file entry_34.csv (CSV, C-alpha atoms)
chain,number,residue,atom,x,y,z
A,1,MET,CA,31.8,6.2,141.3
A,2,THR,CA,33.9,9.0,142.7
A,3,THR,CA,33.0,12.7,143.0
A,4,ARG,CA,35.4,13.6,140.2
A,5,THR,CA,33.7,11.1,137.8
A,6,LEU,CA,30.4,12.6,138.8
A,7,HIS,CA,31.5,16.1,138.0
A,8,ALA,CA,33.0,15.0,134.7
A,9,GLY,CA,29.7,13.4,133.8
A,10,ARG,CA,27.8,16.6,134.6
A,11,ARG,CA,30.2,18.6,132.5
A,12,THR,CA,29.7,16.3,129.6
A,13,VAL,CA,25.9,16.6,129.9
A,14,ALA,CA,26.1,20.4,130.2
A,15,LEU,CA,28.4,20.6,127.2
A,16,THR,CA,26.2,18.4,125.1
A,17,ALA,CA,23.2,20.4,126.0
A,18,ALA,CA,25.0,23.7,125.1
A,19,ILE,CA,26.1,22.2,121.7
A,20,LEU,CA,22.6,21.0,121.0
A,21,LEU,CA,21.1,24.4,122.0
A,22,ALA,CA,23.6,26.3,119.8
A,23,THR,CA,22.9,23.9,116.9
A,24,ALA,CA,19.2,24.3,117.3
A,25,CYS,CA,19.5,28.1,117.4
A,26,THR,CA,21.7,28.1,114.3
A,27,THR,CA,19.3,25.8,112.5
A,28,ALA,CA,16.3,28.0,113.6
A,29,SER,CA,18.1,31.1,112.3
A,30,GLY,CA,18.8,29.3,109.1
A,31,VAL,CA,15.1,28.2,108.8
A,32,THR,CA,14.0,31.8,109.6
A,33,GLY,CA,16.3,33.0,106.9
A,34,GLN,CA,15.0,30.5,104.4
A,35,ASN,CA,11.4,31.4,105.3
A,36,ALA,CA,12.1,35.1,104.8
A,37,ILE,CA,13.7,34.4,101.5
A,38,ALA,CA,10.7,32.4,100.4
A,39,GLN,CA,8.4,35.3,101.4
A,40,ALA,CA,10.6,37.7,99.6
A,41,ARG,CA,10.4,35.6,96.4
A,42,TYR,CA,6.6,35.4,96.7
A,43,ALA,CA,6.3,39.2,97.3
A,44,LEU,CA,8.5,39.8,94.2
A,45,PHE,CA,6.3,37.4,92.1
A,46,ASP,CA,3.2,39.2,93.4
A,47,ALA,CA,4.7,42.5,92.4
A,48,GLU,CA,5.6,41.3,88.9
A,49,ALA,CA,2.0,40.0,88.5
A,50,GLY,CA,0.7,43.4,89.6
A,51,GLY,CA,2.5,45.3,86.9
A,52,ALA,CA,5.1,46.8,89.2
A,53,GLU,CA,7.9,46.1,86.7
A,54,GLN,CA,6.5,48.8,84.5
A,55,MET,CA,5.1,51.1,87.1
A,56,ALA,CA,7.8,51.0,89.8
A,57,PRO,CA,11.0,49.7,88.2
A,58,ALA,CA,13.4,51.3,90.7
A,59,GLU,CA,11.7,49.7,93.7
A,60,MET,CA,11.6,46.3,91.9
A,61,ALA,CA,15.3,46.5,91.1
A,62,LEU,CA,16.0,47.3,94.8
A,63,ALA,CA,13.9,44.4,96.0
A,64,ARG,CA,15.7,42.0,93.6
A,65,GLU,CA,19.1,43.3,94.8
A,66,ARG,CA,18.2,42.7,98.4
A,67,LEU,CA,17.0,39.2,97.6
A,68,VAL,CA,20.2,38.4,95.8
A,69,LEU,CA,22.2,39.7,98.8
A,70,ALA,CA,20.0,37.6,101.2
A,71,GLU,CA,20.7,34.4,99.1
A,72,GLU,CA,24.4,35.2,99.2
A,73,ALA,CA,24.2,35.6,103.0
A,74,VAL,CA,22.7,32.2,103.3
A,75,GLY,CA,25.6,30.8,101.3
A,76,GLN,CA,28.0,32.5,103.6
A,77,SER,CA,26.2,31.0,106.6
A,78,LYS,CA,24.9,34.3,107.9
A,79,PRO,CA,21.3,33.5,108.6
A,80,LEU,CA,20.5,36.6,110.6
A,81,ARG,CA,21.8,38.9,107.8
A,82,ALA,CA,20.0,36.8,105.2
A,83,ALA,CA,16.7,37.1,107.1
A,84,ARG,CA,17.1,40.9,107.5
A,85,LEU,CA,17.9,41.4,103.8
A,86,ALA,CA,15.0,39.1,102.8
A,87,ARG,CA,12.6,41.1,105.0
A,88,GLU,CA,13.9,44.3,103.4
A,89,SER,CA,13.3,42.7,100.0
A,90,THR,CA,9.7,41.8,100.9
A,91,ALA,CA,9.0,45.3,102.2
A,92,THR,CA,10.5,46.9,99.0
A,93,ALA,CA,8.4,44.6,96.8
A,94,ARG,CA,5.3,45.6,98.7
A,95,LEU,CA,6.3,49.2,98.2
A,96,ALA,CA,6.6,48.5,94.4
A,97,ILE,CA,3.1,47.0,94.4
A,98,ALA,CA,1.7,50.0,96.3
A,99,GLN,CA,3.5,52.4,93.9
A,100,ALA,CA,2.1,50.5,90.9
A,101,GLN,CA,-1.4,50.5,92.3
A,102,LEU,CA,-1.0,54.2,93.0
A,103,ALA,CA,0.1,54.9,89.4
A,104,GLN,CA,-2.9,53.0,88.1
A,105,ALA,CA,-5.2,54.8,90.4
A,106,MET,CA,-3.8,58.1,89.2
A,107,MET,CA,-4.4,57.2,85.6
A,108,GLN,CA,-7.9,56.0,86.3
A,109,ALA,CA,-8.7,59.1,88.3
A,110,ALA,CA,-7.5,61.3,85.5
A,111,GLU,CA,-9.5,59.3,83.0
A,112,ALA,CA,-12.6,59.5,85.3
A,113,VAL,CA,-12.2,63.3,85.6
A,114,ARG,CA,-11.9,63.6,81.8
A,115,VAL,CA,-15.0,61.5,81.3
A,116,GLU,CA,-16.9,63.6,83.8
A,117,ARG,CA,-15.8,66.8,82.1
A,118,ASP,CA,-16.8,65.5,78.7
A,119,ALA,CA,-20.2,64.4,80.1
A,120,GLY,CA,-20.7,67.8,81.6
A,121,ALA,CA,-19.7,69.6,78.4
A,122,LEU,CA,-22.0,67.3,76.4
A,123,LEU,CA,-24.9,68.0,78.8
A,124,GLU,CA,-24.2,71.8,78.5
A,125,THR,CA,-24.1,71.6,74.7
A,126,THR,CA,-27.3,69.5,74.6
A,127,GLU,CA,-29.0,72.0,76.9
A,128,GLU,CA,-28.0,74.9,74.6
A,129,ALA,CA,-28.9,73.0,71.4
A,130,THR,CA,-32.3,71.8,72.6
A,131,GLY,CA,-33.2,74.6,74.9
A,132,GLY,CA,-36.4,75.4,73.0
A,133,LEU,CA,-37.3,71.9,72.5
A,134,GLN,CA,-37.5,70.9,76.1
B,1,MET,CA,64.8,37.4,141.9
B,2,SER,CA,61.6,37.9,143.7
B,3,GLU,CA,61.7,41.6,142.9
B,4,ARG,CA,62.3,41.0,139.3
B,5,HIS,CA,59.3,38.6,139.3
B,6,ASP,CA,57.1,41.2,140.9
B,7,ASP,CA,58.2,43.8,138.4
B,8,SER,CA,57.4,41.4,135.6
B,9,ARG,CA,53.9,40.8,137.1
B,10,GLY,CA,53.3,44.5,137.5
B,11,TRP,CA,54.3,45.2,133.9
B,12,LEU,CA,51.9,42.5,132.7
B,13,SER,CA,49.0,43.8,134.8
B,14,ARG,CA,49.7,47.3,133.5
B,15,SER,CA,49.7,46.0,129.9
B,16,ALA,CA,46.5,44.1,130.5
B,17,ALA,CA,44.9,47.2,132.0
B,18,ALA,CA,46.1,49.3,129.1
B,19,CYS,CA,44.7,46.8,126.6
B,20,CYS,CA,41.3,46.7,128.4
B,21,ALA,CA,41.2,50.5,128.4
B,22,ALA,CA,42.0,50.6,124.7
B,23,ILE,CA,39.3,48.0,123.9
B,24,CYS,CA,36.8,49.9,126.0
B,25,LEU,CA,37.7,53.2,124.4
B,26,GLY,CA,37.5,51.5,121.0
B,27,LEU,CA,34.1,50.2,121.8
B,28,ILE,CA,32.9,53.5,123.2
B,29,PHE,CA,34.2,55.2,120.1
B,30,ALA,CA,32.6,52.6,117.8
B,31,CYS,CA,29.3,52.9,119.6
B,32,ALA,CA,29.4,56.7,119.6
B,33,SER,CA,30.0,56.8,115.9
B,34,LEU,CA,26.9,54.8,114.9
B,35,ASP,CA,25.4,56.4,111.8
B,36,ALA,CA,21.9,57.7,112.4
B,37,THR,CA,21.2,58.7,108.8
B,38,GLN,CA,18.8,55.8,108.1
B,39,VAL,CA,17.0,56.5,111.3
B,40,GLU,CA,16.6,60.1,110.5
B,41,ARG,CA,15.2,59.1,107.0
B,42,ALA,CA,12.8,56.7,108.7
B,43,ARG,CA,11.7,59.4,111.2
B,44,ALA,CA,10.9,61.7,108.3
B,45,ALA,CA,9.0,59.0,106.3
B,46,VAL,CA,6.9,58.1,109.4
B,47,ALA,CA,6.2,61.7,110.2
B,48,SER,CA,5.2,62.4,106.6
B,49,ALA,CA,2.8,59.4,106.6
B,50,SER,CA,1.5,60.5,110.0
B,51,ALA,CA,0.8,64.0,108.6
B,52,ASP,CA,-0.9,62.6,105.5
B,53,GLY,CA,-4.6,63.1,105.9
B,54,ASN,CA,-5.3,60.0,103.8
B,55,VAL,CA,-3.4,57.6,106.2
B,56,ASP,CA,-5.6,56.2,108.9
B,57,ALA,CA,-3.0,55.9,111.7
B,58,SER,CA,-5.2,53.6,113.8
B,59,ARG,CA,-6.3,51.2,111.0
B,60,SER,CA,-3.3,51.1,108.6
B,61,LEU,CA,-1.3,47.9,109.3
B,62,HIS,CA,1.7,49.2,107.4
B,63,PHE,CA,1.7,52.4,109.3
B,64,ARG,CA,1.6,50.5,112.6
B,65,GLU,CA,4.4,48.3,111.4
B,66,ALA,CA,6.5,51.3,110.4
B,67,ASN,CA,6.1,52.8,113.8
B,68,ARG,CA,7.1,49.5,115.4
B,69,HIS,CA,10.3,49.2,113.3
B,70,LEU,CA,11.1,52.9,114.0
B,71,ALA,CA,10.9,52.2,117.7
B,72,LEU,CA,13.2,49.2,117.3
B,73,ALA,CA,15.6,51.4,115.3
B,74,GLU,CA,15.6,54.1,117.9
B,75,LYS,CA,16.1,51.5,120.7
B,76,ALA,CA,19.0,49.9,118.8
B,77,LEU,CA,20.6,53.3,118.2
B,78,ASP,CA,20.2,54.4,121.8
B,79,ALA,CA,21.6,51.1,123.1
B,80,ALA,CA,24.5,51.6,120.6
B,81,ARG,CA,24.0,48.2,119.1
B,82,TRP,CA,25.2,47.1,115.7
B,83,GLN,CA,24.9,49.5,112.8
B,84,GLU,CA,23.4,46.7,110.6
B,85,GLU,CA,20.5,46.3,113.0
B,86,VAL,CA,19.9,50.0,113.3
B,87,ASP,CA,19.9,50.4,109.5
B,88,HIS,CA,17.7,47.3,109.0
B,89,GLU,CA,15.0,48.5,111.4
B,90,ALA,CA,15.2,52.1,110.0
B,91,TYR,CA,14.9,50.8,106.4
B,92,MET,CA,11.9,48.7,107.3
B,93,ALA,CA,10.2,51.7,109.0
B,94,ALA,CA,10.9,54.1,106.1
B,95,THR,CA,9.7,51.6,103.5
B,96,LEU,CA,6.6,50.6,105.3
B,97,ALA,CA,5.7,54.2,105.9
B,98,LEU,CA,5.9,54.8,102.2
B,99,VAL,CA,3.7,51.7,101.6
B,100,ALA,CA,1.1,53.0,104.0
B,101,GLN,CA,1.1,56.4,102.3
B,102,ALA,CA,0.9,55.0,98.8
B,103,ARG,CA,-1.9,52.6,99.7
B,104,ALA,CA,-3.9,55.4,101.4
B,105,GLU,CA,-3.5,57.7,98.5
B,106,THR,CA,-4.6,54.9,96.1
B,107,VAL,CA,-7.8,54.4,98.2
B,108,ALA,CA,-8.5,58.2,98.1
B,109,LEU,CA,-7.9,58.4,94.4
B,110,ASN,CA,-10.1,55.4,93.7
B,111,ALA,CA,-12.9,57.0,95.7
B,112,ALA,CA,-12.4,60.3,93.8
B,113,ALA,CA,-12.5,58.4,90.5
B,114,SER,CA,-15.6,56.5,91.5
B,115,GLY,CA,-17.3,59.8,92.5
B,116,ALA,CA,-16.4,61.4,89.1
B,117,LEU,CA,-17.7,58.4,87.2
B,118,ASP,CA,-20.9,58.5,89.2
B,119,GLN,CA,-21.3,62.2,88.3
B,120,ALA,CA,-20.5,61.4,84.6
B,121,ARG,CA,-23.2,58.7,84.6
B,122,ARG,CA,-25.7,61.1,86.1
B,123,GLU,CA,-24.8,63.8,83.5
B,124,THR,CA,-25.0,61.2,80.6
B,125,ARG,CA,-28.4,60.1,81.8
B,126,SER,CA,-29.6,63.7,82.0
B,127,THR,CA,-28.2,64.3,78.5
B,128,GLN,CA,-30.1,61.3,77.2
B,129,ARG,CA,-33.3,62.5,78.8
B,130,GLN,CA,-32.8,66.0,77.2
B,131,VAL,CA,-32.1,64.5,73.8
B,132,SER,CA,-35.2,62.2,74.0
B,133,ARG,CA,-37.4,65.1,75.2
B,134,ALA,CA,-36.0,67.3,72.4
B,135,ALA,CA,-36.6,64.6,69.8
B,136,ARG,CA,-40.2,64.2,71.0
B,137,ARG,CA,-40.7,67.9,70.7
B,138,ALA,CA,-39.1,68.1,67.3
B,139,ARG,CA,-41.4,65.3,66.1
B,140,ALA,CA,-44.3,67.2,67.5
B,141,LEU,CA,-43.2,70.3,65.5
B,142,GLN,CA,-42.7,68.1,62.4
B,143,ALA,CA,-39.0,69.0,62.4
B,144,ASN,CA,-36.7,67.7,59.6
B,145,VAL,CA,-33.0,68.2,59.5
B,146,THR,CA,-32.0,69.4,56.0
B,147,GLU,CA,-28.9,71.0,54.5
B,148,ARG,CA,-30.3,74.5,55.2
B,149,GLY,CA,-30.9,73.6,58.9
B,150,MET,CA,-33.8,72.2,60.9
B,151,VAL,CA,-37.0,72.8,59.1
B,152,LEU,CA,-40.2,73.0,61.2
B,153,THR,CA,-43.4,72.9,59.2
B,154,LEU,CA,-46.5,74.6,60.5
B,155,GLY,CA,-49.3,73.1,58.5
B,156,GLY,CA,-52.2,74.8,56.8
B,157,VAL,CA,-54.5,73.7,59.6
B,158,LEU,CA,-52.8,76.3,61.8
B,159,PHE,CA,-54.5,79.1,59.8
B,160,GLU,CA,-58.1,79.8,59.3
B,161,PHE,CA,-59.2,79.2,55.7
B,162,ASP,CA,-58.2,82.1,53.5
B,163,SER,CA,-56.8,83.9,56.5
B,164,ALA,CA,-53.3,84.8,57.8
B,165,GLU,CA,-54.4,84.7,61.4
B,166,LEU,CA,-52.6,82.1,63.5
B,167,LYS,CA,-54.7,79.6,65.4
B,168,GLN,CA,-54.0,78.8,69.1
B,169,ASP,CA,-52.0,75.7,68.2
B,170,ALA,CA,-49.8,77.7,65.9
B,171,LEU,CA,-49.1,80.2,68.6
B,172,LEU,CA,-48.0,77.3,70.9
B,173,SER,CA,-45.7,76.0,68.2
B,174,ALA,CA,-44.3,79.5,67.7
B,175,ALA,CA,-43.7,79.8,71.4
B,176,ARG,CA,-41.7,76.5,71.4
B,177,ILE,CA,-39.6,77.7,68.5
B,178,ALA,CA,-39.0,81.0,70.2
B,179,GLY,CA,-37.8,79.2,73.3
B,180,PHE,CA,-35.3,77.3,71.2
B,181,LEU,CA,-34.1,80.4,69.5
B,182,ILE,CA,-33.7,82.3,72.8
B,183,ALA,CA,-31.6,79.5,74.1
B,184,SER,CA,-29.5,79.3,70.9
B,185,GLU,CA,-28.3,82.9,70.6
B,186,ASN,CA,-26.0,82.1,67.6
B,187,ARG,CA,-28.8,80.8,65.4
B,188,GLU,CA,-31.1,82.8,63.1
B,189,VAL,CA,-34.3,81.8,61.5
B,190,VAL,CA,-36.1,82.0,58.1
B,191,VAL,CA,-39.9,82.0,57.9
B,192,GLU,CA,-41.3,81.0,54.5
B,193,GLY,CA,-45.0,80.9,53.6
B,194,PHE,CA,-46.5,78.7,50.8
B,195,THR,CA,-50.0,78.1,49.4
B,196,ASP,CA,-51.6,75.6,47.2
B,197,ASN,CA,-52.3,76.4,43.5
B,198,VAL,CA,-55.9,77.5,44.0
B,199,GLY,CA,-56.4,81.2,43.2
B,200,THR,CA,-54.3,83.7,41.4
B,201,GLY,CA,-50.5,83.8,41.7
B,202,GLU,CA,-50.6,87.4,43.0
B,203,TYR,CA,-53.2,86.5,45.7
B,204,ASN,CA,-51.3,83.4,46.8
B,205,LEU,CA,-48.1,85.3,47.0
B,206,ARG,CA,-49.7,88.0,49.2
B,207,LEU,CA,-51.4,85.4,51.4
B,208,SER,CA,-48.2,83.3,51.8
B,209,ALA,CA,-46.3,86.5,52.7
B,210,GLU,CA,-48.9,87.5,55.3
B,211,ARG,CA,-48.8,84.0,56.9
B,212,ALA,CA,-45.0,84.1,57.1
B,213,GLU,CA,-45.2,87.6,58.7
B,214,ALA,CA,-47.8,86.3,61.2
B,215,VAL,CA,-45.4,83.6,62.3
B,216,LEU,CA,-42.6,86.2,62.4
B,217,SER,CA,-44.7,88.4,64.7
B,218,ALA,CA,-45.6,85.5,66.9
B,219,LEU,CA,-41.8,84.7,67.3
B,220,VAL,CA,-41.0,88.4,68.1
B,221,ASP,CA,-43.9,88.5,70.6
B,222,ALA,CA,-42.4,85.4,72.2
B,223,GLY,CA,-39.1,87.2,72.7
B,224,VAL,CA,-36.9,86.6,69.6
B,225,GLU,CA,-35.0,89.7,68.4
B,226,PRO,CA,-36.4,90.8,65.0
B,227,PRO,CA,-33.0,91.1,63.3
B,228,ARG,CA,-32.6,87.3,63.7
B,229,ILE,CA,-35.6,86.5,61.6
B,230,ALA,CA,-36.2,86.9,57.9
B,231,ALA,CA,-39.7,86.2,56.4
B,232,ALA,CA,-41.0,85.9,52.9
B,233,GLY,CA,-43.9,84.4,51.0
B,234,PHE,CA,-43.5,82.2,47.9
B,235,GLY,CA,-47.2,81.6,46.9
B,236,SER,CA,-47.7,78.2,45.2
B,237,ARG,CA,-44.0,77.8,44.4
B,238,TYR,CA,-42.0,75.0,45.9
B,239,PRO,CA,-44.9,72.5,46.4
B,240,VAL,CA,-44.1,69.5,48.6
B,241,ALA,CA,-47.2,67.5,47.6
B,242,ASN,CA,-49.5,66.9,44.6
B,243,ASN,CA,-51.9,69.9,44.1
B,244,GLU,CA,-54.3,67.7,42.2
B,245,THR,CA,-55.7,66.2,45.4
B,246,GLU,CA,-57.3,67.9,48.4
B,247,GLU,CA,-54.9,66.1,50.7
B,248,GLY,CA,-51.9,67.3,48.7
B,249,ARG,CA,-53.1,70.9,48.6
B,250,ALA,CA,-53.6,70.9,52.4
B,251,ILE,CA,-50.0,69.8,52.7
B,252,ASN,CA,-48.8,72.6,50.4
B,253,ARG,CA,-50.6,75.2,52.4
B,254,ARG,CA,-47.9,75.7,55.0
B,255,VAL,CA,-45.3,77.9,56.7
B,256,GLU,CA,-41.8,76.5,57.1
B,257,VAL,CA,-39.6,77.8,59.8
B,258,VAL,CA,-35.9,77.0,59.1
B,259,ILE,CA,-33.6,77.2,62.1
B,260,LEU,CA,-30.3,77.9,60.4
B,261,GLU,CA,-26.9,76.5,61.4
B,262,PRO,CA,-25.0,78.7,63.8
B,263,GLY,CA,-23.4,81.6,62.0
B,264,VAL,CA,-25.6,81.6,58.9
B,265,ALA,CA,-27.4,84.9,58.4
B,266,ALA,CA,-31.2,84.7,58.0
B,267,SER,CA,-31.2,87.5,55.4
B,268,MET,CA,-28.9,85.4,53.2
B,269,ALA,CA,-30.7,82.1,53.6
B,270,LEU,CA,-34.1,82.8,52.1
B,271,ARG,CA,-35.0,80.7,49.1
B,272,GLY,CA,-33.9,82.2,45.8
B,273,ARG,CA,-31.0,84.0,47.3
call {"tool": "encode", "arguments": {"input": "entry_34.csv", "output": "structure tokens"}}
result
Amino acid sequence: MTTRTLHAGRRTVALTAAILLATACTTASGVTGQNAIAQARYALFDAEAGGAEQMAPAEMALARERLVLAEEAVGQSKPLRAARLARESTATARLAIAQAQLAQAMMQAAEAVRVERDAGALLETTEEATGGLQ
Amino acid sequence: MSERHDDSRGWLSRSAAACCAAICLGLIFACASLDATQVERARAAVASASADGNVDASRSLHFREANRHLALAEKALDAARWQEEVDHEAYMAATLALVAQARAETVALNAAASGALDQARRETRSTQRQVSRAARRARALQANVTERGMVLTLGGVLFEFDSAELKQDALLSAARIAGFLIASENREVVVEGFTDNVGTGEYNLRLSAERAEAVLSALVDAGVEPPRIAAAGFGSRYPVANNETEEGRAINRRVEVVILEPGVAASMALRGR
């Protein structure tokens, strides 16, 4: 075996390793993108179940839009872009859930304040009406 | 020939240098023109969450994540990397800061609602206690709710026989009624005296009027303003039990105190008016 043959062999090994590494990285990015999309879908499902559709429609629309763009990016073999968009979709869906919970909490707080006011007024009226019968 | 060759090489190297310079300038220009709008929006959102008293900066996972993404966005902007990367990190920072703020506000509102409901429960229990106590007192005063108002009957046993002087128990009842009237400023009261059918009509009329006046005086002594009370005696009229039996006659010897509905004048509410 000559030195030239040896060098050619090393080059082949190095090239193969580089190709394998590149393929692995691309595949890993693709998997990451797919995982992020799966998470985004789950977050959207969670938000729908939490009533975000009614309480935070703008955020839900934005989350869906980002998910669609992420899926398109996967189709265009742009795994990094897909992963970013999917993560943005997930964060936006979480914002939708948080906004929906906030809206519900606001309604419950308003109702609680009304109940407390009514109870206070009833107590006052009762005290007035039964003052001499205590 | 050699000179021409050298000229050609010199031209080529000048062209290559020019190209490199153009590319570098282009890159510098591209990097310098990275849009920081999203980063500024993220900075504002994180600052707002940080200033929000409801957000616990050390415990909120979303707030910490927002800060991490903001740092990445700043780093990408400073290093003049890709616009998409800068915008992505900034978007994540702004969105997560909003999530942190919304969640913290939700927790605070839930706590406030819980406090208000606890207070309402306490007040409702207090109301129930007051109503129960009042009902017990009303029963003790033999109170009946009628169309005219709440009628409290002070039985004949509260007077000495053939006398218009109130016994100690009657004074206690009058004090309770007075307490009610003092607390209910918009209510007036009618005091009506009745006897059994023993004796002459004229005598019974006078005795019943004196008994009604005695109760009126007791109420005034207990603090009720005189204009709020009207008193009259009706003798043996309006019996509520059979005068043929001793038990029935005892029931008919009575003074009724009618606590009128709010706004009804006592002077207009006496029987026969």
call {"tool": "interface_residues", "arguments": {"input": "entry_34.csv", "of": "chain A", "to": "chain B", "cutoff": "8 Å", "atoms": "all atoms listed in the file", "output": "PyMOL selection string"}}
result
chain A and resi 84-85+87-88+91-92+94-95+98-99+101-102+105-106+108-110+112-113+115-117+119-120+122-123+126-134
call {"tool": "atom_distance", "arguments": {"input": "entry_34.csv", "atom1": "CA of Asn197 in chain B", "atom2": "CA of Ser236 in chain B"}}
result
5.2 Å
call {"tool": "atom_distance", "arguments": {"input": "entry_34.csv", "atom1": "CA of Gly263 in chain B", "atom2": "CA of Arg114 in chain A"}}
result
29.1 Å
call {"tool": "residues_around", "arguments": {"input": "entry_34.csv", "residues": "Ile229 in chain B", "least_positions_apart": "3", "cutoff": "7 Å", "atoms": "only C-alpha atoms", "output": "PDB file with C-alpha atoms, keeping the file's coordinate frame"}}
result
ATOM      1  CA  GLU B 188     -31.100  82.800  63.100  1.00  0.00           C
ATOM      2  CA  VAL B 189     -34.300  81.800  61.500  1.00  0.00           C
ATOM      3  CA  VAL B 190     -36.100  82.000  58.100  1.00  0.00           C
ATOM      4  CA  PRO B 226     -36.400  90.800  65.000  1.00  0.00           C
ATOM      5  CA  ALA B 266     -31.200  84.700  58.000  1.00  0.00           C
TER       6      ALA B 266
END
call {"tool": "atom_distance", "arguments": {"input": "entry_34.csv", "atom1": "CA of Glu225 in chain B", "atom2": "CA of Ala212 in chain B"}}
result
16.1 Å
call {"tool": "residues_around", "arguments": {"input": "entry_34.csv", "residues": "Pro57 in chain A", "least_positions_apart": "6", "cutoff": "12 Å", "atoms": "only C-alpha atoms", "output": "list in words"}}
result
Leu44, Ala47, Glu48, Gly51, Ala63, Arg64, Thr92, Ala93, Leu95, Ala96, Ile97, Gln99 and Ala100 of chain A
call {"tool": "closest_residue", "arguments": {"input": "entry_34.csv", "among": "B:Asp35, B:Glu261, B:Asp52, B:Glu256", "to": "Ala143 in chain B", "atoms": "only C-alpha atoms"}}
result
B:Glu256
call {"tool": "residues_around", "arguments": {"input": "entry_34.csv", "residues": "Thr195 in chain B", "least_positions_apart": "4", "cutoff": "7 Å", "atoms": "all atoms listed in the file", "output": "PyMOL selection string"}}
result
chain B and resi 204+208+235-236+252-254
call {"tool": "residues_around", "arguments": {"input": "entry_34.csv", "residues": "Gly149 in chain B", "least_positions_apart": "5", "cutoff": "8 Å", "atoms": "all atoms listed in the file", "output": "PyMOL selection string"}}
result
chain B and resi 258-261
call {"tool": "closest_residue", "arguments": {"input": "entry_34.csv", "among": "B:Leu70, B:Arg206, B:Val257, B:Glu165", "to": "Asn144 in chain B", "atoms": "all atoms listed in the file"}}
result
B:Val257
call {"tool": "residues_near_point", "arguments": {"input": "entry_34.csv", "point": "(-45.0, 83.8, 48.8)", "cutoff": "6 Å", "atoms": "only C-alpha atoms", "output": "ChimeraX atom specification"}}
result
/B:193-194,205,208-209,233-235
call {"tool": "residues_around", "arguments": {"input": "entry_34.csv", "residues": "Glu65 in chain A", "least_positions_apart": "5", "cutoff": "9 Å", "atoms": "only C-alpha atoms", "output": "PyMOL selection string"}}
result
chain A and resi 60+70+89
call {"tool": "write_last_selection", "arguments": {"input": "entry_34.csv", "atoms": "C-alpha atoms", "output": "CSV table (one decimal), in the frame of the given file"}}
result
chain,number,residue,atom,x,y,z
A,60,MET,CA,11.6,46.3,91.9
A,70,ALA,CA,20.0,37.6,101.2
A,89,SER,CA,13.3,42.7,100.0
call {"tool": "decode", "arguments": {"input": "entry_34.csv", "residues": "range 70-82 of chain A", "atoms": "N, CA and C atoms", "output": "PDB file, in the first residue's frame"}}
result
ATOM      1  N   ALA A  70     -45.204  26.489  10.903  1.00  0.00           N
ATOM      2  CA  ALA A  70     -44.200  25.501  11.333  1.00  0.00           C
ATOM      3  C   ALA A  70     -44.329  24.228  10.493  1.00  0.00           C
ATOM      4  N   GLU A  71     -45.575  23.812  10.262  1.00  0.00           N
ATOM      5  CA  GLU A  71     -45.793  22.598   9.467  1.00  0.00           C
ATOM      6  C   GLU A  71     -45.336  22.809   8.025  1.00  0.00           C
ATOM      7  N   GLU A  72     -45.571  24.009   7.528  1.00  0.00           N
ATOM      8  CA  GLU A  72     -45.107  24.323   6.168  1.00  0.00           C
ATOM      9  C   GLU A  72     -43.578  24.289   6.096  1.00  0.00           C
ATOM     10  N   ALA A  73     -42.947  24.800   7.157  1.00  0.00           N
ATOM     11  CA  ALA A  73     -41.482  24.825   7.193  1.00  0.00           C
ATOM     12  C   ALA A  73     -40.911  23.402   7.197  1.00  0.00           C
ATOM     13  N   VAL A  74     -41.600  22.490   7.841  1.00  0.00           N
ATOM     14  CA  VAL A  74     -41.167  21.089   7.829  1.00  0.00           C
ATOM     15  C   VAL A  74     -41.225  20.556   6.403  1.00  0.00           C
ATOM     16  N   GLY A  75     -42.336  20.891   5.718  1.00  0.00           N
ATOM     17  CA  GLY A  75     -42.503  20.470   4.331  1.00  0.00           C
ATOM     18  C   GLY A  75     -41.441  21.054   3.422  1.00  0.00           C
ATOM     19  N   GLN A  76     -40.928  22.234   3.799  1.00  0.00           N
ATOM     20  CA  GLN A  76     -39.894  22.884   2.981  1.00  0.00           C
ATOM     21  C   GLN A  76     -38.483  22.509   3.462  1.00  0.00           C
ATOM     22  N   SER A  77     -38.426  21.482   4.325  1.00  0.00           N
ATOM     23  CA  SER A  77     -37.144  21.016   4.879  1.00  0.00           C
ATOM     24  C   SER A  77     -36.387  22.146   5.578  1.00  0.00           C
ATOM     25  N   LYS A  78     -37.115  22.903   6.376  1.00  0.00           N
ATOM     26  CA  LYS A  78     -36.468  23.961   7.179  1.00  0.00           C
ATOM     27  C   LYS A  78     -36.736  23.658   8.650  1.00  0.00           C
ATOM     28  N   PRO A  79     -36.006  22.644   9.177  1.00  0.00           N
ATOM     29  CA  PRO A  79     -36.324  22.172  10.526  1.00  0.00           C
ATOM     30  C   PRO A  79     -36.117  23.222  11.625  1.00  0.00           C
ATOM     31  N   LEU A  80     -35.086  24.058  11.477  1.00  0.00           N
ATOM     32  CA  LEU A  80     -34.820  25.052  12.521  1.00  0.00           C
ATOM     33  C   LEU A  80     -35.952  26.083  12.578  1.00  0.00           C
ATOM     34  N   ARG A  81     -36.359  26.522  11.379  1.00  0.00           N
ATOM     35  CA  ARG A  81     -37.467  27.496  11.309  1.00  0.00           C
ATOM     36  C   ARG A  81     -38.746  26.858  11.866  1.00  0.00           C
ATOM     37  N   ALA A  82     -38.944  25.567  11.500  1.00  0.00           N
ATOM     38  CA  ALA A  82     -40.136  24.850  11.978  1.00  0.00           C
ATOM     39  C   ALA A  82     -40.147  24.794  13.499  1.00  0.00           C
TER      40      ALA A  82
END
